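A.B. asks: This structure is in structure tokens; I'll ask about it shortly.
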Amino acid sequence: MHPTEPKLLRAYGDRDGDGMVQLSFTLPLPPSARAREAARRFAEAHGLHEPHVTTMEACAEGFTYFVVYGHSRHSVDVSRIEVPELKEQPLTRDEVDQRIKTRLGRKIVLVGACTGSDAHTVGIDAILNYKGYAGDKGLESYKGFEVHNLGAQVENAALAARALALGADAVLVSQVVTQRNCHKENGAALVELLTRKGQRDGLVLLFGGPRIDHKLALELGFDAGFGPGTKPSDVASFLVHRLCGEA
Amino acid sequence: MAQVPVDESVVSACRRHAAAIADDVQTYVDRHTTVGVERTVARALGALGADDQGAPLANVLVDRYQAAGLLGHGIALPLGRALVRGAASVREAAERLAYGPDIDLLGPGPALGEVRRSLETATAAALAAIDGARTDREARKAALPPAREPLRYVIVATGNIYDDATQTRAAAFAGADIVAVIRATAQSLLDYVPEGPTTEGFGGTFATQENFRIIRRAADEASREYGRYVHQTNYSSGLCMAEIAWMGAVERLDMLLNDAMYGILFRDINMCRTFVDQYVSRRIVARAGIVINTGEDNYLTTADAVEKAHTVLASQFINEALAHRAGLADAQIGLGHAYEIDPRIEDSFLLEIAQAQLVRQVFDRHPIKWMPPTKHKTGDIFQSHVQDALFNLVGVTTRQSIELLGMFSEAVHNPLLMDRYLSLKAANYVFSAARHLGEEIEWRRGGRVEQRARQVLGEAHALLGEVERRTIWDAIERGAFADVKRTRHGGKGYAGVAAREPGYLNPLLEALEA
Ligand code: B12
């Protein structure tokens, strides 16, 4: 392997390398010359060179809202960044159905739910239901998938039991509420439960939601993660690559 | 004046269909009660407090009667009988029945007339509590009149009621007229109301009577400080609709999210349960002078806002008819709708304005609740701020009454202090800059706005006719609203419904219905 050249990057404002960023925040003190200086130093402490406090306004009694511009001194070496990415080549609808038919000879059984106390169904519905998302039809519309959408507020134990009863090939989990990382806890708890019950190995386990990415999903023990803007066809391609092998 | 043509004969036909739909629901309601309703009666009559595990007395008591299959007589019956037999107060009666070795199985006992008389003092005290709160509100509003409409409504949701109080004052400073403390994620599915002040909650803060008091104090302080009445609101959908309405009435909430179908569609609560609960909760709210906010705006998060715009209007007619049956005046019925059309659609602004204007004219005596874009907000907060600016422009131009302000961080987190400040600052600007825009313009005859308004009203009329033919129960099973399907006996809380027995006793409801 070639040692990669370090590639240092800074934010681009008006000219290469100027590191220009803007920040907005609130400090719990009333506006004053001292408050302005406090905001400036606060920005400086974040690595901003020549911070310019462009707005200072009382936003509540004893609270001030600031907007600050400044040149960040920091840089990142992008040559050293490695992030797991889903790189499956996208398949057309016909390719998906064709491969499932010829290579598997039966439908792929999918069980999906939004779990825990989370009541957001729009995301999982967008992936599973016929209607789909942004003009891309959902997995229900494919001949090769048998879809069971359990809806929202489904407990992990109920999901595991249904997956078993339905002979699921893949389980699709959605988590939208993320306050204090409850999505991570919930996801990890499902993986643990499936492992304990001996169900984990036979399943492709997908995790999705607005704050989910592939890296996080892998860390939590899922097989793949899907974030904002995911289309049903992205998920279809992934499932076929995983479950139908390569030619 | 930027009016749209509204065919009054179609509006009347819509109201006739809605009346028939509501009468059908009411027939069911009048023959049933629920654990939530009976807990409300118990609390109102004085069964307050909780055991050392936090289980409210009202729950322990009512669950015992439901388990014994006796709830259909009304919890007031055993309470009254215990009073006749010497209990010193309703609370003492309730404690005996809840924690004693045996319950009163309602066999032969004191005459019904005597039982009724024994409950008169407690019933009068209950009514006095909510009447007092109403009088207090009216006096305060006379002394410190609220701001001009659209009233600026913001949400606080820190999870900690003391932070919520700080944020309430902060919001009022920046111009808020209405503060809503949004509830913790799973509260609507709890079949009891927690007690005391709470400092932990995901996605919001628990609704408890003590928490209502804490925010009331903060809002009253802010009212005095900024010279205008600051309203408090909370949410009642879920398994405790009537109890929360009761607590809100006692603690002088000014508004309450209270929709006849939201719990069914968005929290999967059983429809029989919800229809009974919404009725009793609305009876309380009606007497207390609280303004309800309905939740049709939510339909446009699960269904498409262009294709299903008429379902919002149809549902508003149904919510209105049900509210009338619970004694609410038009001025108390804050029907909800929202700016949720995909911003990528050409002329989305015109479609939004057509709908907002139509709703304003059809329900011209109602304090219409106008909700901001949420579903098509993304993490690009700057773009979101622009979406909210257009929303504010529609709100002021079409004279919406209550405007829940959009947050640029909608797709990110519950609003921060700063987010709310910027939202209020922007709304203040747009409301002032375009204050009389609606009076100065007219829509082109036969133009896009007019056509859209006519189309939506026509489709709502057709849908209401269909719902009447099928009945609302069946229509919900088929997904008529929000693209969500629910079965009549499915969902949460059905076990808490009981058929009323002949001689069902509920002095609180009788007084509210009188
Ligand atoms: C619509 C909505 C609702 C509706 C939900 C209706 C329904 N049946 O789903 C209603 C009004 C009921 C609602 C209620 C609440 N909500 Co809400 N809601 C939203 C809103 C506006 C849009 C979400 C949405 O539908 N997005 C569109 C879909 C298509 O996007 P998506 O979910 O990201 O899905 C895509 C991808 O992520 C991915 N994906 C998602 N899941 C999966 C799964 C798999 C397997 C795969 C492969 C892909 C995948 O594919 C989808 C298509 O690309 C967001 C704000 C926002 N703009 O994001 C708030 C938001 C999510 N809600 C929020 C909150 C707090 C709540 C409440 C808790 C409020 C309360 N206290 O009552 C309640 C929740 C109650 C509960 N028990 O969960 C917060 C969450 C904060 C956080 N980060 O934790 C948000 C961000 C709003 C906010 N700023 O406060 N909400």
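Residue numbering restarts at 1 for every chain of the structure tokens, chains are lettered A, B, ... in their displayed order, and ligands are numbered from 1 as they appear.
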Write out as CSV a residue-level contact list of chain B versus ligand 1 with cut-off 9 Å: for each qualifying residue the closest pair of atoms and the distance in Å to one decimal, counting only C-alpha atoms and all ligand atoms, rows sorted by chain and residue number upward.
C.D. replies:
```
residue,atom,partner,partner_atom_place_in_ligand_line,distance
B:Ala157,CA,ligand 1,71 (N),7.4
B:Val181,CA,ligand 1,71 (N),8.7
B:Ile182,CA,ligand 1,71 (N),5.1
B:Arg183,CA,ligand 1,71 (N),4.5
B:Ala184,CA,ligand 1,71 (N),4.8
B:Thr185,CA,ligand 1,68 (C),4.3
B:Ala186,CA,ligand 1,77 (N),5.0
B:Gln187,CA,ligand 1,77 (N),8.0
B:Ser188,CA,ligand 1,77 (N),7.9
B:Leu189,CA,ligand 1,77 (N),8.5
B:Phe202,CA,ligand 1,68 (C),7.2
B:Gly203,CA,ligand 1,65 (C),4.2
B:Gly204,CA,ligand 1,71 (N),4.6
B:Thr205,CA,ligand 1,71 (N),7.6
B:Tyr235,CA,ligand 1,72 (O),8.5
B:Tyr262,CA,ligand 1,12 (C),8.7
B:Leu265,CA,ligand 1,8 (N),8.0
B:Phe266,CA,ligand 1,12 (C),5.4
B:Arg267,CA,ligand 1,77 (N),7.4
B:Gly295,CA,ligand 1,11 (C),8.7
B:Asp297,CA,ligand 1,11 (C),8.3
B:Asn298,CA,ligand 1,11 (C),5.3
B:Tyr299,CA,ligand 1,6 (C),7.9
B:Leu300,CA,ligand 1,1 (C),8.3
B:Thr301,CA,ligand 1,1 (C),4.7
B:Thr302,CA,ligand 1,6 (C),5.7
B:Pro373,CA,ligand 1,21 (C),7.8
B:Thr374,CA,ligand 1,21 (C),4.1
B:Lys375,CA,ligand 1,21 (C),4.0
B:His376,CA,ligand 1,57 (N),5.7
B:Lys377,CA,ligand 1,57 (N),4.5
B:Thr378,CA,ligand 1,57 (N),5.6
B:Gly379,CA,ligand 1,57 (N),8.0
B:Met407,CA,ligand 1,89 (N),7.7
B:Phe408,CA,ligand 1,89 (N),8.8
B:Ser409,CA,ligand 1,89 (N),6.0
B:Glu410,CA,ligand 1,89 (N),3.7
B:Ala411,CA,ligand 1,56 (C),3.6
B:Val412,CA,ligand 1,86 (C),5.0
B:His413,CA,ligand 1,89 (N),3.9
B:Asn414,CA,ligand 1,90 (O),3.8
B:Pro415,CA,ligand 1,89 (N),6.4
B:Ala482,CA,ligand 1,8 (N),8.6
B:Val484,CA,ligand 1,8 (N),8.1
```
A.B. asks: So that I can see what lies close to B:Arg283, please list as number ranges by chain the residues with an atom at most 7 Å from it, counting only C-alpha atoms and leaving out residues fewer than 2 positions away in the same chain.
C.D. replies: B: 279-281, 285-287, 326-327, 512
A.B. asks: With all heavy atoms retained, write the just-selected residues as a PDB file, in the first residue's frame.
C.D. replies:
```
ATOM      1  N   TYR B 279     -65.152  12.989  24.702  1.00  0.00           N
ATOM      2  CA  TYR B 279     -66.403  13.653  25.051  1.00  0.00           C
ATOM      3  C   TYR B 279     -66.354  14.218  26.470  1.00  0.00           C
ATOM      4  O   TYR B 279     -66.635  15.397  26.701  1.00  0.00           O
ATOM      5  CB  TYR B 279     -67.577  12.685  24.905  1.00  0.00           C
ATOM      6  CG  TYR B 279     -68.864  13.251  25.464  1.00  0.00           C
ATOM      7  CD1 TYR B 279     -69.503  14.300  24.814  1.00  0.00           C
ATOM      8  CD2 TYR B 279     -69.404  12.769  26.650  1.00  0.00           C
ATOM      9  CE1 TYR B 279     -70.658  14.853  25.337  1.00  0.00           C
ATOM     10  CE2 TYR B 279     -70.564  13.314  27.179  1.00  0.00           C
ATOM     11  CZ  TYR B 279     -71.190  14.362  26.524  1.00  0.00           C
ATOM     12  OH  TYR B 279     -72.320  14.926  27.050  1.00  0.00           O
ATOM     13  N   VAL B 280     -65.977  13.375  27.411  1.00  0.00           N
ATOM     14  CA  VAL B 280     -65.984  13.835  28.808  1.00  0.00           C
ATOM     15  C   VAL B 280     -64.934  14.930  29.002  1.00  0.00           C
ATOM     16  O   VAL B 280     -65.181  15.934  29.686  1.00  0.00           O
ATOM     17  CB  VAL B 280     -65.780  12.649  29.769  1.00  0.00           C
ATOM     18  CG1 VAL B 280     -65.706  13.136  31.208  1.00  0.00           C
ATOM     19  CG2 VAL B 280     -66.912  11.636  29.598  1.00  0.00           C
ATOM     20  N   SER B 281     -63.768  14.755  28.369  1.00  0.00           N
ATOM     21  CA  SER B 281     -62.742  15.790  28.526  1.00  0.00           C
ATOM     22  C   SER B 281     -63.263  17.124  27.972  1.00  0.00           C
ATOM     23  O   SER B 281     -63.037  18.173  28.565  1.00  0.00           O
ATOM     24  CB  SER B 281     -61.446  15.378  27.830  1.00  0.00           C
ATOM     25  OG  SER B 281     -61.592  15.432  26.430  1.00  0.00           O
ATOM     26  N   VAL B 285     -63.641  20.901  29.616  1.00  0.00           N
ATOM     27  CA  VAL B 285     -62.999  22.037  28.981  1.00  0.00           C
ATOM     28  C   VAL B 285     -64.025  23.126  28.638  1.00  0.00           C
ATOM     29  O   VAL B 285     -63.766  24.322  28.787  1.00  0.00           O
ATOM     30  CB  VAL B 285     -62.266  21.503  27.725  1.00  0.00           C
ATOM     31  CG1 VAL B 285     -61.920  22.621  26.787  1.00  0.00           C
ATOM     32  CG2 VAL B 285     -61.028  20.720  28.123  1.00  0.00           C
ATOM     33  N   ALA B 286     -65.202  22.686  28.197  1.00  0.00           N
ATOM     34  CA  ALA B 286     -66.245  23.647  27.824  1.00  0.00           C
ATOM     35  C   ALA B 286     -66.617  24.506  29.030  1.00  0.00           C
ATOM     36  O   ALA B 286     -66.665  25.730  28.950  1.00  0.00           O
ATOM     37  CB  ALA B 286     -67.480  22.903  27.305  1.00  0.00           C
ATOM     38  N   ARG B 287     -66.832  23.864  30.152  1.00  0.00           N
ATOM     39  CA  ARG B 287     -67.215  24.592  31.363  1.00  0.00           C
ATOM     40  C   ARG B 287     -66.086  25.496  31.846  1.00  0.00           C
ATOM     41  O   ARG B 287     -66.310  26.582  32.377  1.00  0.00           O
ATOM     42  CB  ARG B 287     -67.557  23.556  32.451  1.00  0.00           C
ATOM     43  CG  ARG B 287     -67.819  24.145  33.816  1.00  0.00           C
ATOM     44  CD  ARG B 287     -69.298  24.385  34.012  1.00  0.00           C
ATOM     45  NE  ARG B 287     -69.591  24.858  35.351  1.00  0.00           N
ATOM     46  CZ  ARG B 287     -70.724  24.597  35.995  1.00  0.00           C
ATOM     47  NH1 ARG B 287     -71.654  23.861  35.435  1.00  0.00           N
ATOM     48  NH2 ARG B 287     -70.932  25.086  37.194  1.00  0.00           N
ATOM     49  N   ALA B 326     -70.311  18.321  22.882  1.00  0.00           N
ATOM     50  CA  ALA B 326     -69.767  18.354  24.243  1.00  0.00           C
ATOM     51  C   ALA B 326     -69.924  19.743  24.862  1.00  0.00           C
ATOM     52  O   ALA B 326     -69.353  20.024  25.907  1.00  0.00           O
ATOM     53  CB  ALA B 326     -68.296  17.943  24.219  1.00  0.00           C
ATOM     54  N   GLY B 327     -70.674  20.606  24.189  1.00  0.00           N
ATOM     55  CA  GLY B 327     -70.971  21.902  24.790  1.00  0.00           C
ATOM     56  C   GLY B 327     -69.956  22.996  24.533  1.00  0.00           C
ATOM     57  O   GLY B 327     -70.027  24.063  25.146  1.00  0.00           O
ATOM     58  N   LEU B 512     -72.208  18.798  34.301  1.00  0.00           N
ATOM     59  CA  LEU B 512     -71.596  19.422  33.136  1.00  0.00           C
ATOM     60  C   LEU B 512     -72.525  19.397  31.933  1.00  0.00           C
ATOM     61  O   LEU B 512     -72.460  20.258  31.058  1.00  0.00           O
ATOM     62  CB  LEU B 512     -70.280  18.723  32.787  1.00  0.00           C
ATOM     63  CG  LEU B 512     -69.155  18.852  33.825  1.00  0.00           C
ATOM     64  CD1 LEU B 512     -67.989  17.959  33.456  1.00  0.00           C
ATOM     65  CD2 LEU B 512     -68.698  20.296  33.967  1.00  0.00           C
TER      66      LEU B 512
END
```
A.B. asks: Residues of chain A no more than 9 Å from chain B, counting only C-alpha atoms: send them over as number ranges by chain.
C.D. replies: A: 24-26, 58-61, 63-65, 117-122, 152-153, 177-180, 182, 210
A.B. asks: Tell me which protein, DNA and RNA residues are within 8 Å of A:Leu139, counting only C-alpha atoms, leaving out same-chain ones fewer than 4 positions away, and put them as a list in words.
C.D. replies: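 Contacts, in chain order: Ile127, Leu128, Asn129, Tyr130, Gly132, Phe145, Val147, Pro232, Ser233 and Ala236 of chain A.
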A.B. asks: Store the residues picked out above in a file with N, CA, C and O atoms, as a compact mmCIF listing (two decimals), in the first residue's frame.
C.D. replies:
```
# COMPACT_ATOMS: atom_id res chain seq x y z
N ILE A 127 -39.79 3.38 3.25
CA ILE A 127 -38.95 2.31 2.72
C ILE A 127 -39.80 1.08 2.36
O ILE A 127 -39.61 0.47 1.32
N LEU A 128 -40.75 0.74 3.21
CA LEU A 128 -41.45 -0.54 3.03
C LEU A 128 -42.74 -0.43 2.21
O LEU A 128 -43.01 -1.29 1.37
N ASN A 129 -43.55 0.59 2.45
CA ASN A 129 -44.88 0.61 1.84
C ASN A 129 -44.83 0.88 0.34
O ASN A 129 -43.89 1.51 -0.15
N TYR A 130 -45.87 0.46 -0.33
CA TYR A 130 -45.95 0.54 -1.78
C TYR A 130 -45.59 1.94 -2.29
O TYR A 130 -44.82 2.12 -3.21
N GLY A 132 -43.71 4.33 -1.25
CA GLY A 132 -42.30 4.64 -1.35
C GLY A 132 -41.92 6.05 -0.95
O GLY A 132 -42.62 6.69 -0.17
N PHE A 145 -40.04 -9.32 -2.79
CA PHE A 145 -40.06 -9.15 -1.33
C PHE A 145 -41.43 -9.44 -0.74
O PHE A 145 -42.45 -9.04 -1.30
N VAL A 147 -43.32 -8.34 2.50
CA VAL A 147 -43.06 -7.30 3.49
C VAL A 147 -44.06 -7.35 4.65
O VAL A 147 -45.27 -7.40 4.44
N PRO A 232 -35.95 3.49 -1.17
CA PRO A 232 -36.22 2.05 -1.08
C PRO A 232 -35.30 1.24 -1.99
O PRO A 232 -34.85 0.15 -1.62
N SER A 233 -35.01 1.78 -3.18
CA SER A 233 -34.17 1.01 -4.11
C SER A 233 -32.75 0.82 -3.57
O SER A 233 -32.11 -0.18 -3.88
N ALA A 236 -33.18 -2.13 -1.40
CA ALA A 236 -33.41 -3.33 -2.21
C ALA A 236 -32.09 -3.86 -2.75
O ALA A 236 -31.79 -5.06 -2.65
```
A.B. asks: To one decimal place, how far is atom CA of B:Met247 from atom CA of B:Gly54 in Å?
C.D. replies: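 Interatomic distance here is 17.3 Å.
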A.B. asks: Within 10 Å of B:Arg213, counting only C-alpha atoms, which residues qualify if same-chain residues fewer than 5 places away don't, as a JSON list (two decimals) with N, CA, C and O atoms, in the first residue's frame?
C.D. replies:
```json
[["chain", "number", "residue", "atom", "x", "y", "z"],
["B", 197, "PRO", "N", -43.76, 17.34, 40.81],
["B", 197, "PRO", "CA", -42.90, 17.98, 39.82],
["B", 197, "PRO", "C", -41.97, 16.94, 39.22],
["B", 197, "PRO", "O", -41.54, 16.03, 39.90],
["B", 208, "THR", "N", -48.15, 16.86, 34.69],
["B", 208, "THR", "CA", -48.67, 16.51, 36.01],
["B", 208, "THR", "C", -49.33, 17.78, 36.55],
["B", 208, "THR", "O", -49.04, 18.89, 36.07],
["B", 218, "ALA", "N", -44.97, 30.80, 36.32],
["B", 218, "ALA", "CA", -44.00, 31.46, 35.45],
["B", 218, "ALA", "C", -44.72, 32.32, 34.40],
["B", 218, "ALA", "O", -44.32, 33.45, 34.13],
["B", 219, "ALA", "N", -45.81, 31.79, 33.85],
["B", 219, "ALA", "CA", -46.53, 32.54, 32.81],
["B", 219, "ALA", "C", -47.22, 33.76, 33.42],
["B", 219, "ALA", "O", -47.26, 34.84, 32.80],
["B", 247, "MET", "N", -57.35, 18.36, 35.30],
["B", 247, "MET", "CA", -56.23, 19.04, 35.97],
["B", 247, "MET", "C", -55.97, 20.39, 35.31],
["B", 247, "MET", "O", -55.68, 21.38, 35.99],
["B", 248, "GLY", "N", -56.07, 20.41, 34.00],
["B", 248, "GLY", "CA", -55.85, 21.66, 33.28],
["B", 248, "GLY", "C", -56.91, 22.69, 33.65],
["B", 248, "GLY", "O", -56.62, 23.87, 33.79],
["B", 250, "VAL", "N", -58.58, 22.90, 36.48],
["B", 250, "VAL", "CA", -58.36, 23.37, 37.84],
["B", 250, "VAL", "C", -57.17, 24.34, 37.90],
["B", 250, "VAL", "O", -57.20, 25.34, 38.62],
["B", 251, "GLU", "N", -56.13, 24.04, 37.13],
["B", 251, "GLU", "CA", -54.91, 24.86, 37.20],
["B", 251, "GLU", "C", -54.92, 26.01, 36.19],
["B", 251, "GLU", "O", -53.90, 26.60, 35.92],
["B", 252, "ARG", "N", -56.06, 26.31, 35.64],
["B", 252, "ARG", "CA", -56.23, 27.44, 34.72],
["B", 252, "ARG", "C", -55.31, 27.37, 33.49],
["B", 252, "ARG", "O", -54.67, 28.35, 33.13],
["B", 253, "LEU", "N", -55.25, 26.22, 32.86],
["B", 253, "LEU", "CA", -54.68, 26.20, 31.53],
["B", 253, "LEU", "C", -55.62, 27.01, 30.65],
["B", 253, "LEU", "O", -56.83, 27.02, 30.88]]
```
A.B. asks: List every residue of stretch 89-119 of chain B that DSSP, applied to the backbone, labels as alpha helix (DSSP H), and write the result as a ChimeraX atom specification.
C.D. replies: /B:90-99,112-118
A.B. asks: So that I have them on file, write out the residues from the current selection with N, CA and C atoms, as a JSON list (two decimals), in the first residue's frame.
C.D. replies:
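This is the output file out.json:
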```
[["chain", "number", "residue", "atom", "x", "y", "z"],
["B", 90, "VAL", "N", -64.80, 12.05, 50.65],
["B", 90, "VAL", "CA", -64.66, 11.20, 49.47],
["B", 90, "VAL", "C", -63.29, 10.53, 49.48],
["B", 91, "ARG", "N", -62.30, 11.29, 49.90],
["B", 91, "ARG", "CA", -60.96, 10.72, 49.91],
["B", 91, "ARG", "C", -60.89, 9.51, 50.84],
["B", 92, "GLU", "N", -61.48, 9.66, 52.02],
["B", 92, "GLU", "CA", -61.47, 8.54, 52.95],
["B", 92, "GLU", "C", -62.25, 7.36, 52.36],
["B", 93, "ALA", "N", -63.38, 7.67, 51.75],
["B", 93, "ALA", "CA", -64.18, 6.61, 51.11],
["B", 93, "ALA", "C", -63.35, 5.89, 50.05],
["B", 94, "ALA", "N", -62.65, 6.69, 49.25],
["B", 94, "ALA", "CA", -61.86, 6.12, 48.17],
["B", 94, "ALA", "C", -60.73, 5.25, 48.73],
["B", 95, "GLU", "N", -60.11, 5.72, 49.79],
["B", 95, "GLU", "CA", -59.00, 4.96, 50.38],
["B", 95, "GLU", "C", -59.49, 3.62, 50.91],
["B", 96, "ARG", "N", -60.65, 3.65, 51.57],
["B", 96, "ARG", "CA", -61.21, 2.39, 52.09],
["B", 96, "ARG", "C", -61.45, 1.41, 50.95],
["B", 97, "LEU", "N", -62.09, 1.93, 49.90],
["B", 97, "LEU", "CA", -62.45, 1.05, 48.79],
["B", 97, "LEU", "C", -61.22, 0.59, 48.01],
["B", 98, "ALA", "N", -60.20, 1.44, 47.97],
["B", 98, "ALA", "CA", -59.00, 1.10, 47.19],
["B", 98, "ALA", "C", -58.09, 0.16, 47.96],
["B", 99, "TYR", "N", -57.92, 0.42, 49.25],
["B", 99, "TYR", "CA", -56.90, -0.33, 49.99],
["B", 99, "TYR", "C", -57.48, -1.32, 51.00],
["B", 112, "LEU", "N", -80.78, 5.18, 46.34],
["B", 112, "LEU", "CA", -80.05, 5.98, 45.37],
["B", 112, "LEU", "C", -80.14, 7.49, 45.68],
["B", 113, "GLY", "N", -81.35, 7.92, 46.11],
["B", 113, "GLY", "CA", -81.52, 9.34, 46.42],
["B", 113, "GLY", "C", -80.57, 9.78, 47.51],
["B", 114, "GLU", "N", -80.40, 8.93, 48.48],
["B", 114, "GLU", "CA", -79.53, 9.26, 49.61],
["B", 114, "GLU", "C", -78.07, 9.31, 49.13],
["B", 115, "VAL", "N", -77.72, 8.37, 48.26],
["B", 115, "VAL", "CA", -76.36, 8.33, 47.72],
["B", 115, "VAL", "C", -76.09, 9.62, 46.93],
["B", 116, "ARG", "N", -77.03, 9.99, 46.10],
["B", 116, "ARG", "CA", -76.87, 11.23, 45.32],
["B", 116, "ARG", "C", -76.67, 12.42, 46.23],
["B", 117, "ARG", "N", -77.50, 12.51, 47.26],
["B", 117, "ARG", "CA", -77.39, 13.66, 48.17],
["B", 117, "ARG", "C", -76.03, 13.70, 48.85],
["B", 118, "SER", "N", -75.51, 12.51, 49.16],
["B", 118, "SER", "CA", -74.23, 12.48, 49.88],
["B", 118, "SER", "C", -73.09, 13.03, 49.02]]
```
A.B. asks: List the spatial neighbours of stretch 188-193 of chain A as a VMD selection string - criterion: any atom at most 10 Å away, only C-alpha atoms, same-chain residues fewer than 3 positions off excluded.
C.D. replies: chain A and resid 115 155 to 157 159 to 160 173 182 to 185 196 to 200 205 217 219 to 222
A.B. asks: What does the distance from atom CA of A:Ala170 to atom CA of A:Leu203 come to in Å, to one decimal?
C.D. replies: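 Answer for the atom CA of A:Ala170 to atom CA of A:Leu203 separation: 5.3 Å.
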